[in-house]
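Trainee: Got start-v5.cif for you, mmCIF, C-alpha atoms:
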```
data_coords
loop_
_atom_site.label_atom_id
_atom_site.label_comp_id
_atom_site.auth_asym_id
_atom_site.auth_seq_id
_atom_site.Cartn_x
_atom_site.Cartn_y
_atom_site.Cartn_z
CA MET A 1 0.00 0.00 0.00
CA GLY A 2 2.83 2.37 0.84
CA ASN A 3 4.73 1.62 -2.33
CA ALA A 4 1.56 2.07 -4.37
CA THR A 5 1.05 5.47 -2.74
CA GLU A 6 4.62 6.49 -3.56
CA TRP A 7 4.40 5.50 -7.21
CA TYR A 8 0.87 6.76 -7.60
CA ASP A 9 2.36 10.23 -7.31
CA TYR A 10 4.93 9.53 -10.02
CA GLY A 11 2.22 8.07 -12.26
CA VAL A 12 -0.02 11.10 -11.77
CA TYR A 13 2.83 13.56 -12.33
CA ALA A 14 3.81 11.82 -15.57
CA ALA A 15 0.20 11.61 -16.78
CA THR A 16 -0.53 15.29 -16.04
CA THR A 17 2.68 16.71 -17.51
CA THR A 18 0.80 18.75 -20.10
CA TYR A 19 -1.51 20.29 -17.49
CA LEU A 20 1.33 20.94 -15.04
CA THR A 21 3.30 22.71 -17.76
CA HIS A 22 0.35 25.02 -18.46
CA ALA A 23 -0.27 25.65 -14.75
CA PHE A 24 3.29 26.13 -13.50
CA PHE A 25 5.62 26.60 -16.49
CA PRO A 26 3.54 28.31 -19.19
CA THR A 27 6.48 30.33 -20.50
CA LEU A 28 9.19 27.72 -19.90
CA GLY A 29 7.85 24.54 -21.48
CA THR A 30 7.74 20.81 -20.81
CA ALA A 31 11.47 20.52 -20.13
CA PHE A 32 10.96 22.48 -16.91
CA THR A 33 8.10 20.20 -15.91
CA MET A 34 10.51 17.29 -16.37
CA LEU A 35 13.01 19.25 -14.28
CA GLY A 36 10.34 19.42 -11.59
CA TYR A 37 10.17 15.65 -11.81
CA ALA A 38 13.94 15.25 -11.66
CA ILE A 39 14.42 17.67 -8.78
CA SER A 40 12.47 15.40 -6.45
CA PHE A 41 15.46 13.09 -6.66
CA VAL A 42 17.91 15.70 -5.37
CA LEU A 43 17.21 14.86 -1.75
CA ARG A 44 16.65 11.13 -2.24
CA PRO A 45 20.30 10.35 -1.37
CA LEU A 46 20.06 12.56 1.72
CA GLY A 47 16.87 10.73 2.64
CA GLY A 48 18.75 7.46 2.27
CA PHE A 49 21.58 8.72 4.51
CA VAL A 50 19.04 9.79 7.18
CA TRP A 51 16.32 7.15 7.05
CA GLY A 52 18.54 4.13 6.30
CA PRO A 53 20.73 4.29 9.43
CA LEU A 54 17.65 5.18 11.51
CA GLY A 55 15.85 2.12 10.15
CA ASP A 56 18.79 -0.09 11.10
CA ARG A 57 18.96 1.47 14.55
CA ILE A 58 15.38 2.02 15.77
CA GLY A 59 13.56 -0.39 13.47
CA ARG A 60 11.99 -0.64 10.03
CA ARG A 61 8.37 0.04 11.02
CA PRO A 62 8.72 3.48 12.71
CA VAL A 63 10.67 4.92 9.79
CA MET A 64 8.23 3.51 7.24
CA ALA A 65 5.31 5.06 9.11
CA ILE A 66 6.94 8.51 8.99
CA THR A 67 7.96 8.37 5.33
CA ILE A 68 4.52 7.41 4.02
CA VAL A 69 2.92 10.35 5.86
CA LEU A 70 5.46 12.79 4.41
CA MET A 71 4.92 11.38 0.93
CA ALA A 72 1.12 11.55 1.09
CA LEU A 73 1.03 15.08 2.51
CA SER A 74 3.46 16.56 -0.01
CA THR A 75 1.61 14.91 -2.91
CA THR A 76 -1.74 16.21 -1.64
CA LEU A 77 -0.42 19.75 -1.28
CA ILE A 78 0.51 19.82 -4.97
CA GLY A 79 -3.22 19.57 -5.63
CA VAL A 80 -3.92 22.86 -3.83
CA LEU A 81 -0.98 24.95 -5.08
CA PRO A 82 -1.68 28.32 -6.73
CA THR A 83 -0.67 28.47 -10.39
CA TRP A 84 1.68 30.79 -12.30
CA ALA A 85 -1.31 32.91 -13.35
CA VAL A 86 -2.10 33.60 -9.68
CA VAL A 87 1.27 34.04 -7.95
CA GLY A 88 3.79 34.10 -10.78
CA ALA A 89 7.24 32.56 -10.23
CA ALA A 90 6.31 31.51 -6.68
CA ALA A 91 4.11 28.75 -8.14
CA PRO A 92 6.89 26.63 -9.71
CA LEU A 93 9.10 27.28 -6.68
CA LEU A 94 6.43 25.87 -4.36
CA LEU A 95 6.02 22.89 -6.67
CA MET A 96 9.76 22.27 -6.60
CA LEU A 97 9.78 22.48 -2.79
CA LEU A 98 7.07 19.83 -2.48
CA ARG A 99 8.88 17.62 -4.98
CA VAL A 100 12.04 17.88 -2.88
CA ILE A 101 10.10 16.81 0.24
CA GLN A 102 8.72 13.88 -1.71
CA GLY A 103 12.24 12.89 -2.71
CA PHE A 104 13.49 13.10 0.87
CA SER A 105 10.70 10.81 2.11
CA THR A 106 11.11 8.41 -0.81
CA GLY A 107 14.77 8.05 0.16
CA GLY A 108 13.61 5.99 3.13
CA GLU A 109 10.32 4.62 1.86
CA TYR A 110 11.42 2.23 -0.84
CA GLY A 111 14.48 0.79 0.89
CA GLY A 112 12.50 0.26 4.07
CA ALA A 113 9.63 -1.49 2.32
CA ALA A 114 11.94 -3.80 0.35
CA THR A 115 13.99 -4.63 3.45
CA PHE A 116 10.86 -5.22 5.52
CA MET A 117 9.37 -7.64 2.97
CA ALA A 118 12.64 -9.49 2.39
CA GLU A 119 13.13 -10.05 6.12
CA TYR A 120 9.60 -11.36 6.62
CA ALA A 121 9.64 -13.70 3.60
CA PRO A 122 10.73 -17.36 3.94
CA ASP A 123 14.18 -17.92 2.45
CA GLY A 124 12.90 -20.13 -0.36
CA LYS A 125 10.06 -17.75 -1.31
CA ARG A 126 11.72 -14.36 -1.05
CA GLY A 127 11.39 -13.76 -4.79
CA ARG A 128 7.70 -14.64 -4.85
CA TYR A 129 6.74 -12.60 -1.79
CA GLY A 130 9.05 -9.69 -2.56
CA SER A 131 7.60 -9.33 -6.06
CA PHE A 132 4.40 -7.96 -4.57
CA LEU A 133 6.25 -4.80 -3.59
CA GLU A 134 6.75 -4.16 -7.31
CA PHE A 135 3.15 -5.18 -7.93
CA GLY A 136 2.41 -2.19 -5.69
CA THR A 137 4.74 -0.04 -7.80
CA LEU A 138 2.80 -0.76 -10.97
CA THR A 139 -0.52 -0.55 -9.13
CA GLY A 140 0.41 3.02 -8.23
CA PHE A 141 1.48 3.83 -11.79
CA VAL A 142 -1.63 2.26 -13.31
CA GLY A 143 -3.88 3.84 -10.68
CA GLY A 144 -2.44 7.29 -11.30
CA SER A 145 -2.46 7.02 -15.10
CA GLY A 146 -5.88 5.35 -15.16
CA PHE A 147 -7.45 7.98 -12.93
CA VAL A 148 -6.14 10.77 -15.14
CA LEU A 149 -7.42 8.91 -18.22
CA ILE A 150 -10.91 8.69 -16.67
CA LEU A 151 -10.86 12.39 -15.86
CA ASP A 152 -9.73 13.19 -19.42
CA ALA A 153 -12.68 11.21 -20.73
CA THR A 154 -15.30 12.73 -18.42
CA LEU A 155 -14.19 16.36 -18.15
CA SER A 156 -13.73 18.90 -20.90
CA ALA A 157 -10.28 20.11 -21.85
CA ASP A 158 -10.94 23.46 -20.14
CA GLN A 159 -12.15 21.77 -16.96
CA MET A 160 -9.07 19.55 -16.82
CA GLN A 161 -6.83 22.55 -17.38
CA ASP A 162 -8.57 24.72 -14.79
CA TRP A 163 -9.08 22.31 -11.89
CA GLY A 164 -9.44 18.67 -13.03
CA TRP A 165 -5.70 17.96 -12.88
CA ARG A 166 -5.75 18.69 -9.13
CA ILE A 167 -8.11 15.83 -8.23
CA PRO A 168 -5.63 12.93 -8.64
CA PHE A 169 -3.13 14.61 -6.31
CA LEU A 170 -5.77 15.07 -3.61
CA ILE A 171 -6.55 11.34 -3.63
CA ALA A 172 -3.05 10.67 -2.24
CA LEU A 173 -4.13 11.80 1.25
CA PRO A 174 -6.63 9.01 2.03
CA MET A 175 -4.29 6.47 0.38
CA GLY A 176 -1.44 7.59 2.59
CA LEU A 177 -3.52 7.58 5.76
CA ILE A 178 -4.68 4.02 5.09
CA GLY A 179 -1.08 2.95 4.49
CA TRP A 180 0.07 4.70 7.66
CA TYR A 181 -2.64 2.99 9.73
CA LEU A 182 -1.72 -0.44 8.38
CA ARG A 183 1.97 0.11 9.07
CA THR A 184 1.39 1.16 12.65
CA LYS A 185 -0.26 -2.24 13.22
CA LEU A 186 2.77 -4.21 12.03
CA ASP A 187 5.71 -5.47 14.06
CA ASP A 188 9.32 -5.27 12.95
CA PRO A 189 10.54 -8.50 11.29
CA PRO A 190 11.58 -11.16 13.85
CA LEU A 191 14.85 -11.48 11.95
CA PHE A 192 15.70 -7.86 12.76
CA GLU A 193 14.50 -8.14 16.36
CA THR A 194 16.68 -11.21 16.94
CA THR A 195 19.74 -9.47 15.54
CA LYS A 196 19.00 -6.47 17.73
CA GLU A 197 18.66 -8.63 20.84
CA HIS A 198 22.10 -10.13 20.20
CA GLY A 199 23.65 -6.66 20.21
CA ALA A 200 24.54 -6.52 16.50
CA VAL A 201 22.73 -3.19 16.07
CA ALA A 202 24.15 -1.54 19.15
CA GLY A 203 25.45 2.01 18.81
CA SER A 204 24.07 5.02 17.03
CA ALA A 205 22.75 5.43 13.51
CA TRP A 206 26.10 7.07 12.72
CA HIS A 207 27.85 3.80 13.60
CA ARG A 208 25.67 1.97 11.07
CA LEU A 209 26.73 4.45 8.41
CA VAL A 210 30.43 4.16 9.23
CA GLU A 211 30.27 0.37 9.31
CA LEU A 212 28.63 0.32 5.89
CA PHE A 213 31.34 2.35 4.15
CA VAL A 214 34.22 0.66 5.97
CA ASN A 215 33.18 -2.95 5.43
CA TYR A 216 30.73 -3.12 2.53
CA ARG A 217 32.05 -0.98 -0.31
CA ARG A 218 31.89 -3.76 -2.92
CA PRO A 219 28.14 -4.46 -2.62
CA ILE A 220 27.53 -0.69 -2.64
CA ILE A 221 29.31 -0.35 -6.00
CA VAL A 222 27.72 -3.47 -7.52
CA MET A 223 24.25 -2.46 -6.45
CA GLY A 224 24.79 1.09 -7.65
CA MET A 225 25.69 -0.12 -11.16
CA LEU A 226 22.69 -2.47 -11.30
CA VAL A 227 20.39 0.33 -10.16
CA ILE A 228 21.60 2.52 -13.04
CA ALA A 229 20.38 -0.11 -15.51
CA LEU A 230 17.22 -0.77 -13.54
CA ASN A 231 16.07 2.79 -13.11
CA VAL A 232 17.06 4.28 -16.45
CA ALA A 233 14.75 1.63 -17.92
CA ASN A 234 12.15 2.25 -15.20
CA TYR A 235 11.88 6.01 -15.54
CA THR A 236 12.18 5.94 -19.31
CA LEU A 237 9.44 3.34 -19.76
CA LEU A 238 7.10 4.21 -16.91
CA THR A 239 7.51 7.96 -16.46
CA TYR A 240 8.83 9.61 -19.62
CA GLN A 241 6.82 7.40 -21.96
CA PRO A 242 3.50 9.34 -21.81
CA THR A 243 5.32 12.55 -22.76
CA TYR A 244 7.31 10.74 -25.46
CA LEU A 245 4.24 9.21 -27.07
CA LYS A 246 2.41 12.53 -27.14
CA GLN A 247 5.10 15.03 -28.06
CA THR A 248 7.55 12.90 -30.05
CA ILE A 249 5.33 10.26 -31.65
CA GLY A 250 2.33 12.60 -32.02
CA MET A 251 -0.30 10.57 -30.19
CA THR A 252 -3.19 12.13 -28.35
CA GLU A 253 -3.20 12.25 -24.55
CA THR A 254 -5.75 9.41 -24.44
CA GLN A 255 -3.89 7.20 -26.91
CA GLY A 256 -0.65 7.57 -24.96
CA GLN A 257 -2.35 6.65 -21.70
CA VAL A 258 -3.99 3.59 -23.30
CA VAL A 259 -0.58 2.32 -24.47
CA ILE A 260 0.92 2.75 -21.01
CA ILE A 261 -1.99 1.21 -19.11
CA ILE A 262 -2.20 -1.88 -21.35
CA GLY A 263 1.53 -2.46 -20.98
CA GLU A 264 1.56 -1.92 -17.23
CA VAL A 265 -1.42 -4.24 -16.62
CA LEU A 266 0.34 -7.03 -18.53
CA MET A 267 3.52 -6.34 -16.55
CA MET A 268 1.56 -6.59 -13.30
CA ALA A 269 0.18 -9.97 -14.36
CA CYS A 270 3.71 -11.32 -14.90
CA ILE A 271 5.40 -9.96 -11.79
CA PRO A 272 4.42 -12.69 -9.26
CA PHE A 273 5.35 -15.45 -11.72
CA CYS A 274 8.77 -13.94 -12.43
CA GLY A 275 9.37 -13.47 -8.70
CA ALA A 276 8.51 -17.11 -8.03
CA LEU A 277 10.66 -18.25 -10.97
CA SER A 278 13.67 -16.48 -9.45
CA ASP A 279 13.26 -18.67 -6.35
CA ARG A 280 13.75 -21.71 -8.58
CA ILE A 281 16.49 -20.67 -11.00
CA GLY A 282 18.16 -17.81 -9.11
CA ARG A 283 18.21 -14.03 -9.38
CA LYS A 284 21.21 -13.76 -11.70
CA PRO A 285 19.67 -15.62 -14.67
CA MET A 286 16.66 -13.31 -14.45
CA TRP A 287 18.88 -10.23 -14.55
CA TRP A 288 21.06 -11.57 -17.38
CA PHE A 289 17.96 -12.27 -19.48
CA SER A 290 16.45 -8.85 -18.83
CA LEU A 291 19.59 -6.79 -19.41
CA VAL A 292 20.56 -8.60 -22.61
CA GLY A 293 16.95 -8.54 -23.85
CA LEU A 294 16.61 -4.78 -23.38
CA LEU A 295 20.02 -4.20 -24.95
CA VAL A 296 18.98 -6.12 -28.06
CA PHE A 297 15.36 -5.02 -28.43
CA ALA A 298 15.30 -1.39 -27.19
CA LEU A 299 16.16 0.18 -30.55
CA PRO A 300 13.81 -1.88 -32.76
CA MET A 301 10.92 -1.58 -30.30
CA TYR A 302 11.25 2.21 -30.07
CA TRP A 303 11.29 2.36 -33.86
CA LEU A 304 8.16 0.19 -33.87
CA MET A 305 6.37 2.60 -31.52
CA GLY A 306 6.56 5.28 -34.19
CA GLN A 307 4.60 3.19 -36.69
CA GLY A 308 1.14 3.72 -35.18
CA LEU A 309 -1.00 3.04 -32.11
CA GLY A 310 -1.16 -0.75 -32.47
CA TRP A 311 2.58 -1.06 -33.02
CA ALA A 312 3.24 1.31 -30.11
CA ILE A 313 1.34 -1.06 -27.83
CA VAL A 314 3.37 -4.02 -29.12
CA GLY A 315 6.69 -2.19 -28.70
CA PHE A 316 5.93 -0.97 -25.21
CA VAL A 317 4.62 -4.36 -24.06
CA VAL A 318 7.72 -6.17 -25.35
CA LEU A 319 10.08 -3.80 -23.53
CA GLY A 320 7.93 -3.84 -20.40
CA LEU A 321 7.92 -7.63 -20.23
CA LEU A 322 11.68 -7.75 -20.83
CA TYR A 323 12.09 -5.34 -17.92
CA ILE A 324 9.95 -7.40 -15.50
CA PRO A 325 12.69 -9.95 -14.54
CA GLN A 326 14.62 -7.03 -13.02
CA LEU A 327 11.67 -5.26 -11.46
CA SER A 328 10.12 -8.37 -9.93
CA THR A 329 13.31 -9.39 -8.12
CA ILE A 330 14.39 -6.08 -6.58
CA SER A 331 13.16 -6.99 -3.10
CA ALA A 332 14.76 -10.40 -3.29
CA THR A 333 18.10 -9.30 -4.77
CA PHE A 334 19.12 -5.99 -3.24
CA PRO A 335 18.34 -6.42 0.48
CA ALA A 336 20.21 -9.75 0.41
CA MET A 337 23.40 -7.99 -0.67
CA PHE A 338 23.91 -6.66 2.88
CA PRO A 339 23.81 -8.23 6.37
CA THR A 340 20.99 -7.39 8.77
CA GLN A 341 22.70 -4.66 10.80
CA VAL A 342 23.37 -2.45 7.73
CA ARG A 343 20.71 -3.78 5.33
CA TYR A 344 18.37 -0.78 5.43
CA THR A 345 21.32 1.64 5.28
CA GLY A 346 23.07 -0.16 2.43
CA PHE A 347 19.93 -0.49 0.34
CA ALA A 348 18.70 3.07 0.92
CA ILE A 349 22.03 4.75 0.14
CA SER A 350 23.14 2.59 -2.79
CA TYR A 351 19.73 2.65 -4.40
CA ASN A 352 18.97 6.32 -3.94
CA VAL A 353 22.34 7.75 -4.98
CA SER A 354 22.22 5.89 -8.32
CA THR A 355 18.53 6.63 -8.76
CA ALA A 356 19.02 10.33 -8.14
CA ALA A 357 21.93 10.59 -10.56
CA PHE A 358 20.60 8.44 -13.40
CA GLY A 359 16.99 7.28 -12.88
CA GLY A 360 15.26 10.47 -11.84
CA THR A 361 17.09 12.48 -14.47
CA ALA A 362 16.16 10.06 -17.29
CA PRO A 363 12.93 11.86 -18.33
CA LEU A 364 14.71 15.22 -18.41
CA ILE A 365 17.72 13.89 -20.34
CA ASN A 366 15.52 12.03 -22.82
CA GLU A 367 13.31 15.08 -23.36
CA ARG A 368 16.26 17.40 -23.82
CA MET A 369 18.27 15.13 -26.11
CA VAL A 370 15.31 14.35 -28.37
CA ASP A 371 14.71 18.11 -28.70
CA VAL A 372 18.36 18.97 -29.36
CA SER A 373 19.29 16.05 -31.62
CA GLY A 374 15.96 15.48 -33.32
CA TRP A 375 16.63 11.74 -32.97
CA ASN A 376 13.42 10.11 -31.77
CA LEU A 377 15.20 6.89 -30.82
CA PHE A 378 17.50 8.47 -28.25
CA PRO A 379 15.58 6.96 -25.25
CA ALA A 380 16.38 3.50 -26.63
CA ALA A 381 20.09 4.33 -26.92
CA TYR A 382 20.13 5.73 -23.38
CA MET A 383 18.49 2.57 -22.06
CA MET A 384 20.99 0.41 -23.93
CA ALA A 385 23.96 2.30 -22.45
CA ALA A 386 22.54 1.79 -18.95
CA CYS A 387 22.12 -1.94 -19.63
CA VAL A 388 25.81 -2.19 -20.55
CA ILE A 389 26.71 -0.72 -17.14
CA GLY A 390 24.45 -3.27 -15.46
CA LEU A 391 25.99 -6.12 -17.43
CA CYS A 392 29.46 -5.05 -16.27
CA ALA A 393 28.32 -5.50 -12.65
CA MET A 394 26.67 -8.89 -13.11
CA PRO A 395 29.81 -11.07 -12.70
CA PHE A 396 30.29 -9.53 -9.24
CA LEU A 397 26.70 -10.08 -8.05
CA ILE A 398 26.49 -12.87 -5.46
CA GLU A 399 23.63 -15.32 -5.99
CA THR A 400 21.40 -15.34 -2.89
CA ALA A 401 18.33 -17.31 -4.00
CA GLY A 402 17.37 -19.61 -1.14
CA ALA A 403 20.11 -18.27 1.13
CA SER A 404 19.32 -17.18 4.67
CA ILE A 405 19.62 -13.43 5.17
CA ARG A 406 19.87 -13.77 8.95
CA GLY A 407 22.98 -12.83 10.85
CA THR A 408 25.77 -10.33 10.44
CA GLU A 409 27.51 -11.71 7.34
CA ILE A 410 26.75 -11.08 3.66
CA PRO A 411 24.30 -13.79 2.54
CA ALA A 412 25.27 -16.20 -0.24
CA ALA A 413 23.54 -19.22 -1.74
CA ASP A 414 25.39 -22.40 -2.52
CA THR A 415 25.66 -23.76 -6.02
CA GLU A 416 23.11 -24.27 -8.75
CA PRO A 417 22.54 -27.99 -7.94
CA GLU A 418 21.03 -26.95 -4.60
CA LEU A 419 18.76 -24.52 -6.41
CA ALA A 420 17.65 -27.25 -8.77
CA GLU A 421 17.01 -29.65 -5.91
CA ARG A 422 15.02 -27.09 -3.95
CA GLY A 423 13.04 -26.07 -7.00
CA GLY A 424 12.19 -29.67 -7.85
#
```
Re-express the file's structure as structure tokens.
Mentor:
Amino acid sequence: MGNATEWYDYGVYAATTTYLTHAFFPTLGTAFTMLGYAISFVLRPLGGFVWGPLGDRIGRRPVMAITIVLMALSTTLIGVLPTWAVVGAAAPLLLMLLRVIQGFSTGGEYGGAATFMAEYAPDGKRGRYGSFLEFGTLTGFVGGSGFVLILDATLSADQMQDWGWRIPFLIALPMGLIGWYLRTKLDDPPLFETTKEHGAVAGSAWHRLVELFVNYRRPIIVMGMLVIALNVANYTLLTYQPTYLKQTIGMTETQGQVVIIIGEVLMMACIPFCGALSDRIGRKPMWWFSLVGLLVFALPMYWLMGQGLGWAIVGFVVLGLLYIPQLSTISATFPAMFPTQVRYTGFAISYNVSTAAFGGTAPLINERMVDVSGWNLFPAAYMMAACVIGLCAMPFLIETAGASIRGTEIPAADTEPELAERGG
């Protein structure tokens, strides 16, 4: 629920780009709206540095309860902001401020949720159970995009431009409150509590941070490289795509949303199966398949999208399904790269630094480079370059499918024969 709330905001922001540009950047253009998207990632690393060590020191649940409230409130406030026509330059500045707050809260939200789910899941089903976090990701995207599509269909263009675009942002408040209530009723994972009782998490949050950078630099680097591949694909396909289809391909707002929603629904249907498959064959084969697949098919599928609505659906679906083996195994792969006492910290920092530098900037870079170069296939090339970086990290990724993530050592699974035996 919390992850869906987080990504609902990103889905709504992407789907209302045209309206936000008119309301907040009428003289500056879409590139500045994409900058407003990217700027929310500025404080994500700081959020990771703050929330991660706190989550390893005081517990996962308290931090997750705080971050979801911050996220929901800042999203809701976007829906009541005055526009450029009312307060001038103060309007985009206020929007940027709320986006920064969102980024700060997200810096602890995602790492905490993934860590929480990984630590609760049985060792042999971590992929299956953890995949539902990403089911929440796409639920948020689909919910945000779908809600905007319904409003586009029921309200006139003037109504949407005047006040209709605000409604989706206001819905974030009840979603966030429900998520907060549910989280306050949960206990921290027994795995974390046991480690805490044995004194492995003694000391301050600062000690967790120091321990991470002294003893676990290799998994930080490996995870950072994998996240570059993961999130350039993520934010290109799931966030920039509505703008790309409308402004670059020439589709209507409704046609672009239909392409995205069809693709995302099919991706949602595949996520639990891919997560469960990773429990049988391992995480690394899933990542190899996805990275190589996107590297090979990104360029032809983006070319296909320019051939009409039907082909755009086919191209987007193919790339989305190739991306799912990465997305569905995030919660099973990344938390297992660190031991319990620095797991939240390691995930939050590694993930958010790479995401801020490469993922969150992907829509802005794609928009700018398409405008400057006139090459409509640039997003495919950018995705391919990111996949190469991810492939360079793959030989150094430790397979952890079926491994216990308890204790104070980096988890590692045994060999493939054990995986085969466990998977039947």
Trainee: What separation in Å, quoted to one decimal, exists between atom CA of A:Gly164 and atom CA of A:Leu177?
Mentor: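 Separating atom CA of A:Gly164 from atom CA of A:Leu177 is a distance of 22.6 Å.
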Trainee: Tell me, in Å to one decimal, how far atom CA of A:Leu191 is from atom CA of A:Gly127.
Mentor: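 Straight-line distance from atom CA of A:Leu191 to atom CA of A:Gly127 works out to 17.2 Å.
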Trainee: Pick out the residues sitting within 9 Å of A:Ala113, and hand them over as a list in words; count all atoms listed in the file, and ignore anything fewer than 5 positions along from it in its own chain.
Mentor: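 Listed by chain and then number, they are Gly2, Asn3, Arg60, Arg61, Met64, Gly108, Ala118, Leu133 and Ser331 of chain A.
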Trainee: Taking (14.9, -1.4, -14.5) as a centre in this file's frame and 12 Å as the limit, can you find every polymer residue with an atom that close, using only C-alpha atoms, and give them as a ChimeraX atom specification?
Mentor: /A:134,225-238,287,290-291,293-295,319-330,351,355,358-359,362,383-384,386-387,390
Trainee: As a check of understanding, name the residues that the PyMOL selection byres ((chain A and resi 160) around 12) selects in the supplied structure, as a VMD selection string.
Mentor: chain A and resid 16 18 to 20 22 to 23 148 to 159 161 to 168
Trainee: Please, could you write that set of residues out with C-alpha atoms as a short mmCIF file (atom, residue, chain, number, x, y, z; two decimals), keeping the file's coordinate frame?
Mentor:
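Below you can see out-v7.cif, which holds the result:
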```cif
data_model
loop_
_atom_site.label_atom_id
_atom_site.label_comp_id
_atom_site.auth_asym_id
_atom_site.auth_seq_id
_atom_site.Cartn_x
_atom_site.Cartn_y
_atom_site.Cartn_z
CA THR A 16 -0.53 15.29 -16.04
CA THR A 18 0.80 18.75 -20.10
CA TYR A 19 -1.51 20.29 -17.49
CA LEU A 20 1.33 20.94 -15.04
CA HIS A 22 0.35 25.02 -18.46
CA ALA A 23 -0.27 25.65 -14.75
CA VAL A 148 -6.14 10.77 -15.14
CA LEU A 149 -7.42 8.91 -18.22
CA ILE A 150 -10.91 8.69 -16.67
CA LEU A 151 -10.86 12.39 -15.86
CA ASP A 152 -9.73 13.19 -19.42
CA ALA A 153 -12.68 11.21 -20.73
CA THR A 154 -15.30 12.73 -18.42
CA LEU A 155 -14.19 16.36 -18.15
CA SER A 156 -13.73 18.90 -20.90
CA ALA A 157 -10.28 20.11 -21.85
CA ASP A 158 -10.94 23.46 -20.14
CA GLN A 159 -12.15 21.77 -16.96
CA GLN A 161 -6.83 22.55 -17.38
CA ASP A 162 -8.57 24.72 -14.79
CA TRP A 163 -9.08 22.31 -11.89
CA GLY A 164 -9.44 18.67 -13.03
CA TRP A 165 -5.70 17.96 -12.88
CA ARG A 166 -5.75 18.69 -9.13
CA ILE A 167 -8.11 15.83 -8.23
CA PRO A 168 -5.63 12.93 -8.64
#
```
Trainee: Let me make sure I understand: among A:Leu138, A:Met223, A:Ile66, A:Val296, which one has the smallest atom-to-atom distance to A:Leu266 if we use all atoms listed in the file?
Mentor: A:Leu138
Trainee: Taking the file as shown, find all residues satisfying the PyMOL selection byres ((chain A and resi 44) around 7) and write them as an MDAnalysis selection string.
Mentor: chainID A and resid 41:43 45:48 103:104 106:107 352 356
Trainee: Apply the PyMOL selection byres ((chain A and resi 56) around 9) to the structure shown and report the selected residues as a PyMOL selection string.
Mentor: chain A and resi 51-55+57-60+192+201+205+208+340-345
Trainee: Enter the distance from atom CA of A:Asn376 to atom CA of A:Thr248, in Å, rounded to one decimal.
Mentor: 6.7 Å
Trainee: Given the choices A:Leu77, A:Ile313, A:Leu186, A:Leu35, which gets closest to A:Gly256 if the distance is worked out from all atoms listed in the file?
Mentor: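 Of A:Leu77, A:Ile313, A:Leu186, A:Leu35, the one nearest A:Gly256, counting all atoms listed in the file, is A:Ile313.
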